[in-house]
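Chemist: Below is the file data.cif, which contains mmCIF, C-alpha atoms.
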data_start
loop_
_atom_site.label_atom_id
_atom_site.label_comp_id
_atom_site.auth_asym_id
_atom_site.auth_seq_id
_atom_site.Cartn_x
_atom_site.Cartn_y
_atom_site.Cartn_z
CA MET A 90 0.00 0.00 0.00
CA ALA A 91 2.59 2.60 1.05
CA VAL A 92 5.79 2.98 3.01
CA GLY A 93 4.96 2.82 6.72
CA LEU A 94 6.37 4.98 9.51
CA VAL A 95 7.45 4.03 13.03
CA ILE A 96 7.80 6.86 15.53
CA VAL A 97 10.20 6.09 18.37
CA SER A 98 10.29 8.49 21.31
CA HIS A 99 11.19 8.28 24.98
CA SER A 100 7.72 9.59 25.67
CA GLN A 101 4.70 7.49 24.79
CA ARG A 102 2.58 10.64 24.52
CA LEU A 103 5.11 12.35 22.27
CA ALA A 104 5.25 9.34 19.93
CA GLU A 105 1.47 9.11 19.83
CA GLY A 106 1.20 12.86 19.26
CA VAL A 107 3.66 12.81 16.38
CA ALA A 108 1.79 9.86 14.84
CA GLU A 109 -1.47 11.76 15.24
CA LEU A 110 -0.07 14.92 13.69
CA ALA A 111 1.47 13.09 10.72
CA GLY A 112 -1.65 10.95 10.34
CA GLN A 113 -3.80 14.05 9.97
CA MET A 114 -1.98 14.77 6.72
CA THR A 115 -2.62 11.35 5.22
CA GLN A 116 -6.01 10.27 6.54
CA GLY A 117 -5.17 6.60 7.00
CA ALA A 118 -3.35 6.16 3.69
CA VAL A 119 -0.07 5.51 5.51
CA LYS A 120 0.50 3.22 8.46
CA ILE A 121 2.06 5.36 11.20
CA VAL A 122 2.82 3.40 14.33
CA ALA A 123 3.93 4.97 17.62
CA ALA A 124 6.54 3.17 19.76
CA GLY A 125 7.07 5.51 22.68
CA GLY A 126 8.08 4.94 26.27
CA THR A 127 9.01 1.77 28.10
CA ASP A 128 6.81 -1.32 28.37
CA SER A 129 5.29 0.21 31.50
CA SER A 130 4.77 3.54 29.68
CA GLU A 131 7.46 5.36 31.62
CA LEU A 132 9.97 7.65 29.89
CA GLY A 133 12.43 5.51 27.97
CA THR A 134 12.54 3.20 24.99
CA SER A 135 11.54 -0.41 24.54
CA LEU A 136 13.08 -2.78 22.03
CA GLU A 137 9.96 -4.94 22.05
CA LYS A 138 7.69 -1.97 21.38
CA VAL A 139 9.86 -0.94 18.44
CA GLN A 140 9.89 -4.51 17.11
CA ARG A 141 6.10 -4.77 17.34
CA ALA A 142 5.72 -1.38 15.65
CA LEU A 143 8.02 -2.42 12.79
CA GLU A 144 5.85 -5.47 12.29
CA ALA A 145 2.65 -3.42 12.32
CA ALA A 146 3.92 -0.68 9.99
CA ASP A 147 5.29 -2.98 7.29
CA SER A 148 2.84 -3.67 4.51
CA GLY A 149 5.57 -4.85 2.16
CA ASP A 150 6.67 -1.49 0.79
CA GLY A 151 9.08 -0.76 3.61
CA VAL A 152 9.25 1.23 6.81
CA LEU A 153 10.97 4.46 7.77
CA LEU A 154 12.01 4.47 11.41
CA LEU A 155 12.06 7.96 12.98
CA ILE A 156 13.63 8.52 16.40
CA ASP A 157 13.95 11.24 19.00
CA LEU A 158 17.29 10.96 20.82
CA GLY A 159 19.60 9.10 23.15
CA SER A 160 18.80 5.42 23.58
CA ALA A 161 16.23 5.56 20.76
CA THR A 162 19.10 5.34 18.27
CA MET A 163 20.61 2.21 19.80
CA VAL A 164 17.25 0.54 20.39
CA ALA A 165 16.26 1.20 16.78
CA GLN A 166 19.57 -0.24 15.57
CA MET A 167 19.08 -3.36 17.71
CA ALA A 168 15.55 -3.79 16.35
CA LEU A 169 16.96 -3.57 12.82
CA GLU A 170 19.68 -6.12 13.54
CA ALA A 171 17.10 -8.54 14.90
CA LEU A 172 15.05 -8.51 11.69
CA PRO A 173 15.42 -11.30 9.16
CA GLU A 174 17.54 -10.11 6.25
CA GLU A 175 14.78 -9.77 3.68
CA ARG A 176 12.79 -7.51 5.99
CA ARG A 177 15.81 -5.55 7.16
CA ALA A 178 16.42 -4.60 3.51
CA ARG A 179 13.20 -2.60 3.51
CA VAL A 180 13.62 -0.67 6.75
CA LEU A 181 15.62 2.56 6.98
CA LEU A 182 16.61 4.39 10.14
CA SER A 183 16.15 8.14 9.70
CA ASP A 184 18.28 10.94 11.06
CA ALA A 185 15.44 13.41 10.41
CA PRO A 186 13.98 15.75 13.05
CA LEU A 187 11.11 13.78 14.57
CA VAL A 188 8.11 16.04 14.13
CA GLU A 189 8.93 17.71 10.82
CA GLY A 190 10.44 14.51 9.44
CA ALA A 191 7.38 12.44 10.30
CA VAL A 192 4.98 14.91 8.74
CA VAL A 193 6.82 15.26 5.42
CA ALA A 194 7.58 11.53 5.30
CA ALA A 195 3.90 10.74 5.78
CA VAL A 196 2.95 13.05 2.92
CA GLU A 197 5.67 11.62 0.67
CA ALA A 198 4.60 8.06 1.49
CA SER A 199 0.94 8.87 0.86
CA ILE A 200 1.64 9.76 -2.77
CA GLY A 201 3.18 6.35 -3.32
CA SER A 202 6.88 7.22 -3.23
CA ASP A 203 9.35 4.45 -2.50
CA LEU A 204 11.28 4.07 0.74
CA ALA A 205 14.45 5.82 -0.51
CA GLN A 206 12.41 8.85 -1.59
CA VAL A 207 10.45 8.97 1.67
CA ALA A 208 13.72 8.78 3.62
CA ALA A 209 15.34 11.55 1.53
CA THR A 210 12.34 13.83 1.99
CA ALA A 211 12.32 13.24 5.75
CA LYS A 212 16.02 14.06 5.99
CA ASP A 213 15.50 17.31 4.08
CA ALA A 214 13.03 18.39 6.76
CA VAL A 215 16.00 19.54 8.81
CA THR A 216 16.18 22.60 6.53
CA MET A 217 12.43 23.21 6.54
CA ASP A 218 11.58 26.91 6.48
CA LYS A 219 8.98 27.67 9.15
CA GLY A 220 8.41 31.18 7.90
CA VAL A 221 9.90 32.84 10.93
CA GLY A 222 11.90 35.23 8.82
CA GLY A 223 15.28 36.72 9.59
CA MET B 162 37.76 -22.29 41.62
CA ALA B 163 36.21 -21.86 38.23
CA VAL B 164 33.08 -19.77 37.86
CA ASP B 165 30.15 -22.12 37.37
CA SER B 166 26.45 -21.42 37.02
CA ALA B 167 25.93 -21.04 40.79
CA ALA B 168 28.85 -18.63 41.14
CA MET B 169 27.61 -16.60 38.16
CA LEU B 170 24.18 -16.40 39.72
CA ALA B 171 25.63 -15.32 43.08
CA TRP B 172 27.56 -12.53 41.34
CA LEU B 173 24.47 -11.33 39.49
CA GLU B 174 22.53 -11.36 42.74
CA LYS B 175 25.21 -9.23 44.37
CA VAL B 176 25.14 -6.84 41.40
CA ALA B 177 21.33 -6.58 41.59
CA GLY B 178 21.51 -5.94 45.34
CA ARG B 179 24.15 -3.22 45.04
CA LEU B 180 22.41 -1.47 42.17
CA HIS B 181 19.24 -1.51 44.21
CA GLU B 182 21.03 -0.06 47.25
CA GLN B 183 22.82 2.54 45.11
CA ARG B 184 19.80 3.41 43.01
CA ALA B 185 19.34 6.90 44.46
CA TYR B 186 23.08 7.65 44.23
CA LEU B 187 23.25 6.63 40.55
CA THR B 188 20.14 8.62 39.76
CA ASP B 189 21.57 11.67 41.55
CA LEU B 190 24.76 11.43 39.46
CA ASP B 191 22.58 11.21 36.35
CA ALA B 192 20.39 14.11 37.48
CA ALA B 193 23.47 16.36 37.41
CA ILE B 194 24.41 15.66 33.79
CA GLY B 195 21.72 13.49 32.22
CA ASP B 196 18.10 12.50 32.51
CA ALA B 197 18.00 11.36 36.14
CA ASP B 198 17.04 7.77 35.47
CA HIS B 199 20.22 5.69 35.59
CA GLY B 200 19.70 4.25 39.07
CA VAL B 201 16.04 3.55 38.51
CA ASN B 202 16.77 1.98 35.13
CA MET B 203 19.62 -0.25 36.32
CA ASP B 204 17.61 -1.37 39.34
CA ARG B 205 14.61 -2.17 37.16
CA GLY B 206 16.81 -4.06 34.70
CA PHE B 207 18.63 -6.22 37.22
CA THR B 208 15.47 -6.85 39.23
CA ALA B 209 13.96 -8.22 36.01
CA VAL B 210 17.12 -10.26 35.36
CA MET B 211 16.94 -11.93 38.77
CA ALA B 212 13.20 -12.55 38.44
CA LYS B 213 13.74 -14.21 35.07
CA LEU B 214 16.64 -16.38 36.22
CA GLN B 215 14.76 -17.44 39.32
CA ALA B 216 11.57 -18.19 37.39
CA GLU B 217 13.30 -20.18 34.66
CA GLY B 218 16.14 -21.59 36.71
CA ALA B 219 19.71 -20.79 35.70
CA PRO B 220 21.13 -23.19 33.11
CA ALA B 221 24.51 -24.88 33.68
CA ASP B 222 25.76 -23.11 30.53
CA VAL B 223 27.27 -19.89 31.86
CA GLY B 224 27.23 -18.33 28.39
CA ALA B 225 23.48 -18.94 28.22
CA ILE B 226 23.00 -17.17 31.57
CA LEU B 227 24.89 -14.14 30.27
CA LYS B 228 22.77 -14.09 27.11
CA THR B 229 19.59 -14.16 29.20
CA VAL B 230 20.94 -11.26 31.25
CA GLY B 231 21.70 -9.27 28.09
CA ALA B 232 18.34 -9.91 26.46
CA THR B 233 16.50 -8.98 29.67
CA LEU B 234 18.47 -5.76 30.14
CA VAL B 235 17.82 -4.69 26.55
CA SER B 236 14.07 -5.09 27.00
CA THR B 237 13.65 -3.73 30.53
CA VAL B 238 16.17 -0.99 31.29
CA GLY B 239 14.55 1.71 29.15
CA GLY B 240 17.54 4.04 28.82
CA ALA B 241 20.78 3.93 26.86
CA SER B 242 22.31 1.60 29.43
CA GLY B 243 19.84 -1.08 28.24
CA PRO B 244 21.27 -1.51 24.76
CA LEU B 245 24.81 -0.89 26.07
CA TYR B 246 24.93 -3.32 29.01
CA GLY B 247 22.56 -5.61 27.09
CA THR B 248 25.00 -5.83 24.20
CA ALA B 249 27.90 -6.32 26.63
CA PHE B 250 26.26 -9.32 28.31
CA LEU B 251 25.02 -10.75 24.99
CA ARG B 252 28.52 -10.56 23.47
CA ALA B 253 30.12 -12.07 26.57
CA GLY B 254 27.48 -14.81 26.44
CA MET B 255 28.31 -15.54 22.81
CA ALA B 256 32.04 -15.64 23.57
CA LEU B 257 31.44 -18.11 26.40
CA ALA B 258 28.63 -20.18 24.87
CA GLY B 259 28.55 -23.77 26.07
CA LYS B 260 30.96 -23.27 28.97
CA THR B 261 29.86 -24.60 32.33
CA ALA B 262 32.91 -23.40 34.29
CA LEU B 263 34.94 -20.29 33.51
CA GLU B 264 38.67 -20.30 33.98
CA PRO B 265 40.49 -16.96 34.26
CA ASP B 266 41.25 -16.99 30.51
CA ASP B 267 37.53 -17.39 29.81
CA ILE B 268 36.73 -14.44 32.06
CA GLU B 269 39.25 -12.41 30.10
CA ASP B 270 37.56 -13.41 26.83
CA GLY B 271 34.16 -12.46 28.25
CA LEU B 272 35.37 -9.09 29.53
CA LYS B 273 36.98 -8.26 26.19
CA ALA B 274 33.86 -9.26 24.25
CA ALA B 275 31.69 -7.15 26.57
CA LEU B 276 33.91 -4.09 26.17
CA GLU B 277 34.05 -4.44 22.39
CA GLY B 278 30.27 -4.83 22.34
CA ILE B 279 29.72 -1.60 24.27
CA LYS B 280 32.19 0.31 22.10
CA ALA B 281 30.51 -0.93 18.93
CA ARG B 282 26.96 -0.31 20.16
CA GLY B 283 27.68 3.18 21.50
CA LYS B 284 30.19 4.05 18.75
CA ALA B 285 32.27 5.38 21.60
CA GLN B 286 35.80 5.18 22.90
CA ALA B 287 37.70 6.04 26.06
CA GLY B 288 37.87 9.70 27.09
CA GLU B 289 34.28 10.60 26.20
CA LYS B 290 32.98 10.41 29.79
CA THR B 291 31.12 7.13 29.53
CA MET B 292 31.15 3.64 31.04
CA ILE B 293 34.04 2.84 28.70
CA ASP B 294 36.30 5.04 30.84
CA ALA B 295 35.82 2.55 33.68
CA LEU B 296 35.63 -0.63 31.61
CA GLU B 297 38.58 -0.24 29.28
CA PRO B 298 41.25 0.18 31.98
CA ALA B 299 39.51 -2.54 34.00
CA VAL B 300 39.71 -5.10 31.20
CA ALA B 301 43.33 -4.13 30.57
CA ALA B 302 44.08 -4.59 34.29
CA PHE B 303 42.59 -8.08 34.27
CA SER B 304 44.73 -9.08 31.28
CA ALA B 305 47.84 -7.55 32.83
CA ALA B 306 47.25 -9.36 36.12
CA LEU B 307 46.89 -12.72 34.39
CA ALA B 308 49.99 -12.05 32.31
CA ALA B 309 51.86 -11.31 35.54
CA GLY B 310 50.85 -14.72 36.88
CA LYS B 311 48.27 -13.44 39.40
CA ASP B 312 45.34 -15.65 40.38
CA LYS B 313 41.71 -14.88 39.65
CA ARG B 314 41.10 -13.25 43.01
CA ALA B 315 43.99 -10.81 42.60
CA ALA B 316 43.10 -10.18 38.95
CA LEU B 317 39.49 -9.33 39.78
CA ALA B 318 40.62 -7.01 42.59
CA ALA B 319 42.96 -5.22 40.17
CA THR B 320 40.08 -5.01 37.69
CA ALA B 321 37.72 -3.37 40.18
CA ASP B 322 40.46 -0.98 41.34
CA ALA B 323 41.16 0.07 37.75
CA ALA B 324 37.45 0.53 37.08
CA GLU B 325 37.06 2.79 40.11
CA GLU B 326 40.12 4.78 39.12
CA GLY B 327 38.70 5.18 35.61
CA MET B 328 35.34 6.14 37.11
CA ARG B 329 36.89 8.91 39.22
CA ALA B 330 38.91 10.06 36.21
CA THR B 331 35.63 10.88 34.40
CA ILE B 332 35.01 13.78 36.80
CA PRO B 333 37.01 16.47 34.91
CA LEU B 334 36.13 15.12 31.47
CA LEU B 335 33.95 16.88 28.92
CA ALA B 336 31.13 14.57 27.82
CA THR B 337 30.98 14.03 24.07
CA LYS B 338 28.61 11.04 24.01
CA GLY B 339 25.17 10.49 25.46
CA ARG B 340 22.78 12.90 27.13
CA ALA B 341 25.57 14.60 29.08
CA SER B 342 27.06 15.83 25.81
CA TYR B 343 24.07 18.19 25.45
CA LEU B 344 25.41 20.07 28.46
CA GLY B 345 28.75 20.88 26.86
CA GLU B 346 31.20 22.45 29.31
CA ARG B 347 28.68 22.06 32.14
CA SER B 348 29.25 18.30 31.99
CA ARG B 349 32.67 18.77 33.60
CA ASP B 350 33.23 18.26 37.34
CA HIS B 351 30.68 15.47 37.58
CA GLN B 352 31.34 11.75 37.82
CA ASP B 353 29.79 9.77 34.99
CA PRO B 354 26.88 7.59 36.16
CA GLY B 355 27.54 4.84 33.58
CA ALA B 356 31.19 4.59 34.60
CA THR B 357 29.97 4.40 38.20
CA SER B 358 27.56 1.51 37.61
CA ALA B 359 30.22 -0.29 35.56
CA ALA B 360 32.66 0.00 38.47
CA MET B 361 29.97 -1.29 40.87
CA ILE B 362 29.36 -4.35 38.70
CA LEU B 363 33.07 -5.18 38.60
CA ARG B 364 33.58 -4.49 42.34
CA ALA B 365 30.80 -6.99 43.04
CA ALA B 366 32.80 -9.60 41.10
CA ALA B 367 35.96 -8.87 43.09
CA ASP B 368 34.01 -9.09 46.36
CA GLN B 369 32.69 -12.54 45.41
CA GLU B 370 36.21 -13.93 45.77
#
Could I get this structure in the form of structure tokens?
Modeler:
Amino acid sequence: MAVGLVIVSHSQRLAEGVAELAGQMTQGAVKIVAAGGTDSSELGTSLEKVQRALEAADSGDGVLLLIDLGSATMVAQMALEALPEERRARVLLSDAPLVEGAVVAAVEASIGSDLAQVAATAKDAVTMDKGVGG
Amino acid sequence: MAVDSAAMLAWLEKVAGRLHEQRAYLTDLDAAIGDADHGVNMDRGFTAVMAKLQAEGAPADVGAILKTVGATLVSTVGGASGPLYGTAFLRAGMALAGKTALEPDDIEDGLKAALEGIKARGKAQAGEKTMIDALEPAVAAFSAALAAGKDKRAALAATADAAEEGMRATIPLLATKGRASYLGERSRDHQDPGATSAAMILRAAADQE
């Protein structure tokens, strides 16, 4: 159907909020799965949550994994390493800013772009002009 | 005496107990330069480790015990120390797979594999104000002690001493990895919490002897 997104944050509410915000742009056309907080919903990251989210977001066209900071990077890398090779080939870990990256990636995915294009668009979000001026 | 399954379990129990006792101290260190969760996270992780080993019973294969510890830490710690210590125990477990009694040379192999695992996972090296600053000199001290003909007891004591020295040496360092790096110059003059927990884990091993 489309490239899926996984949103990894230390905060469950932040991950859910980012998924909600990005989802508003695509109205269900893109699977956006939140993986925030620890298993007991405290601040932190959970390998199992990320693994379940990767499973849920993958409809065969690939998954872009977006992360906030700190342990999210290492947990995402461990989740990638644990995937069987043929699935790992269609998951990319993004360096993009979480909120802006998720929103533009969702839009890019919703128009049917492939994983490499979705990842490139997300990464470009770091230079997004917010119209502040100056 | 070689380290068998029972001795491994006794060490882990001591580690879990000390991390529980020192939970507030570790969290206070982390509050100064990080996200104030290191003690809570390590306590939660090792409490889960002991619960799992007690529920399932520890296998005779010491490598398998270490792999269980690693997998449990990765999924329960919640912070960066989960993937880091998790990878360390998983790598040590792989290096020692199938062994039911560890001789000093085996312990050296396990320590080296654990250190390499942490360095690879964290893409970090000594001098960046992390647990590596305690672990790297500690592993080197163990190797040096064995090379000098010391027994396991003396080697583990030298290891714990070197870890604590490395831990104290993190105080003036500027953090360039992990949450503390966000603080820049303000990360100086604080002891690194990860180096502190690493030294506690190794001191527990020395105290087992």
Chemist: May I ask you to extract the residues of chain B within 10 Å of chain A, using all atoms listed in the file, and to give them as a PyMOL selection string?
Modeler: chain B and resi 196+198+202+232+235-245+248+282-284+338-340
Chemist: Find the residue from B:Ser304, B:Thr261, B:Thr357, B:Gln352 that sits nearest to Leu227 of chain B; use only C-alpha atoms when measuring.
Modeler: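 Using only C-alpha atoms, Leu227 of chain B sits closest to B:Thr261.
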Chemist: Can you list every residue of segment 181-214 of chain B that has an atom at most 12 Å from segment 362-368 of chain B, with its nearest atom pair and the distance in Å to one decimal, using all atoms listed in the file, ordered by chain then number, as JSON lines?
Modeler:
{"residue": "B:His181", "atom": "CA", "partner": "B:Ile362", "partner_atom": "CA", "distance": 11.9}
{"residue": "B:Gln183", "atom": "CA", "partner": "B:Ile362", "partner_atom": "CA", "distance": 11.5}
{"residue": "B:Met203", "atom": "CA", "partner": "B:Ile362", "partner_atom": "CA", "distance": 10.8}
{"residue": "B:Phe207", "atom": "CA", "partner": "B:Ile362", "partner_atom": "CA", "distance": 11.0}
Chemist: Which residues are near Arg141 of chain A? Cut-off 12 Å, all atoms listed in the file, ignore same chain within fewer than 2 positions. Put them as a list in words.
Modeler: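 Skipping anything fewer than 2 positions along the chain leaves Val95, Ile96, Val97, Val122, Ala123, Ala124, Gly125, Asp128, Ser135, Leu136, Glu137, Lys138, Val139, Leu143, Glu144, Ala145, Ala146, Asp147, Ala165, Ala168, Leu169, Ala171 and Leu172 of chain A.
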Chemist: Expand the PyMOL selection byres ((chain B and resi 168) around 12) into the explicit residue set it covers here, and present it as JSON, numbers by chain.
Modeler: {"B": [162, 163, 164, 165, 166, 167, 169, 170, 171, 172, 173, 174, 175, 219, 221, 222, 223, 226, 261, 262, 263, 365, 366, 369, 370]}
Chemist: If you count all atoms listed in the file, which residues fall within 12 Å of Ile332 of chain B, apart from same-chain ones fewer than 5 positions away, as a PDB file with C-alpha atoms, in the frame of the given file?
Modeler:
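Now in part_2.pdb:
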ATOM      1  CA  LEU B 190      24.760  11.430  39.460  1.00  0.00           C
ATOM      2  CA  ALA B 193      23.470  16.360  37.410  1.00  0.00           C
ATOM      3  CA  ILE B 194      24.410  15.660  33.790  1.00  0.00           C
ATOM      4  CA  GLY B 288      37.870   9.700  27.090  1.00  0.00           C
ATOM      5  CA  GLU B 289      34.280  10.600  26.200  1.00  0.00           C
ATOM      6  CA  LYS B 290      32.980  10.410  29.790  1.00  0.00           C
ATOM      7  CA  THR B 291      31.120   7.130  29.530  1.00  0.00           C
ATOM      8  CA  ASP B 294      36.300   5.040  30.840  1.00  0.00           C
ATOM      9  CA  ALA B 295      35.820   2.550  33.680  1.00  0.00           C
ATOM     10  CA  GLU B 325      37.060   2.790  40.110  1.00  0.00           C
ATOM     11  CA  GLU B 326      40.120   4.780  39.120  1.00  0.00           C
ATOM     12  CA  GLY B 327      38.700   5.180  35.610  1.00  0.00           C
ATOM     13  CA  ARG B 347      28.680  22.060  32.140  1.00  0.00           C
ATOM     14  CA  SER B 348      29.250  18.300  31.990  1.00  0.00           C
ATOM     15  CA  ARG B 349      32.670  18.770  33.600  1.00  0.00           C
ATOM     16  CA  ASP B 350      33.230  18.260  37.340  1.00  0.00           C
ATOM     17  CA  HIS B 351      30.680  15.470  37.580  1.00  0.00           C
ATOM     18  CA  GLN B 352      31.340  11.750  37.820  1.00  0.00           C
ATOM     19  CA  ASP B 353      29.790   9.770  34.990  1.00  0.00           C
ATOM     20  CA  PRO B 354      26.880   7.590  36.160  1.00  0.00           C
ATOM     21  CA  ALA B 356      31.190   4.590  34.600  1.00  0.00           C
ATOM     22  CA  THR B 357      29.970   4.400  38.200  1.00  0.00           C
TER      23      THR B 357
END
Chemist: Could you tell me which residues the PyMOL selection byres ((chain A and resi 91) around 9) returns for this structure, as a list in words?
Modeler: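 Applying the PyMOL selection byres ((chain A and resi 91) around 9) to the structure shown produces Met90, Val92, Gly93, Ala118, Val119, Lys120, Asp147, Ser148, Gly149, Asp150, Gly151, Val152, Ala198, Ser199, Ile200, Gly201, Ser202, Asp203 and Leu204 of chain A.
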Chemist: For the point (39.2, -9.9, 30.6) in the file's frame, write as a list in words all residues with an atom no more than 8 Å away, counting all atoms listed in the file.
Modeler: Asp266, Asp267, Ile268, Glu269, Asp270, Gly271, Leu272, Lys273, Val300, Ala301, Phe303 and Ser304 of chain B
Chemist: In Å to one decimal, how far is atom CA of Val230 of chain B from atom CA of Gly206 of chain B?
Modeler: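 So the answer is 9.0 Å.
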Chemist: Suppose you want the space between atom CA of Gly224 of chain B and atom CA of Ile279 of chain B; what is it in Å?
Modeler: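 Computing the Euclidean distance for atom CA of Gly224 of chain B and atom CA of Ile279 of chain B yields 17.4 Å.
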Chemist: If I take atom CA of Gly278 of chain B and atom CA of Tyr186 of chain B, how far is one from the other in Å, to one decimal?
Modeler: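 Rounded to one decimal, the two atoms are 26.2 Å apart.
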Chemist: Could you list, as a VMD selection string, every residue matched by the PyMOL selection byres ((chain A and resi 183) around 10) in this structure?
Modeler: chain A and resid 153 to 156 162 165 180 to 182 184 to 187 190 to 191 207 to 209 211 to 212
Chemist: Write to file, as a PDB file, keeping the file's coordinate frame, the residues of the selection just made, with C-alpha atoms.
Modeler:
ATOM      1  CA  LEU A 153      10.970   4.460   7.770  1.00  0.00           C
ATOM      2  CA  LEU A 154      12.010   4.470  11.410  1.00  0.00           C
ATOM      3  CA  LEU A 155      12.060   7.960  12.980  1.00  0.00           C
ATOM      4  CA  ILE A 156      13.630   8.520  16.400  1.00  0.00           C
ATOM      5  CA  THR A 162      19.100   5.340  18.270  1.00  0.00           C
ATOM      6  CA  ALA A 165      16.260   1.200  16.780  1.00  0.00           C
ATOM      7  CA  VAL A 180      13.620  -0.670   6.750  1.00  0.00           C
ATOM      8  CA  LEU A 181      15.620   2.560   6.980  1.00  0.00           C
ATOM      9  CA  LEU A 182      16.610   4.390  10.140  1.00  0.00           C
ATOM     10  CA  ASP A 184      18.280  10.940  11.060  1.00  0.00           C
ATOM     11  CA  ALA A 185      15.440  13.410  10.410  1.00  0.00           C
ATOM     12  CA  PRO A 186      13.980  15.750  13.050  1.00  0.00           C
ATOM     13  CA  LEU A 187      11.110  13.780  14.570  1.00  0.00           C
ATOM     14  CA  GLY A 190      10.440  14.510   9.440  1.00  0.00           C
ATOM     15  CA  ALA A 191       7.380  12.440  10.300  1.00  0.00           C
ATOM     16  CA  VAL A 207      10.450   8.970   1.670  1.00  0.00           C
ATOM     17  CA  ALA A 208      13.720   8.780   3.620  1.00  0.00           C
ATOM     18  CA  ALA A 209      15.340  11.550   1.530  1.00  0.00           C
ATOM     19  CA  ALA A 211      12.320  13.240   5.750  1.00  0.00           C
ATOM     20  CA  LYS A 212      16.020  14.060   5.990  1.00  0.00           C
TER      21      LYS A 212
END
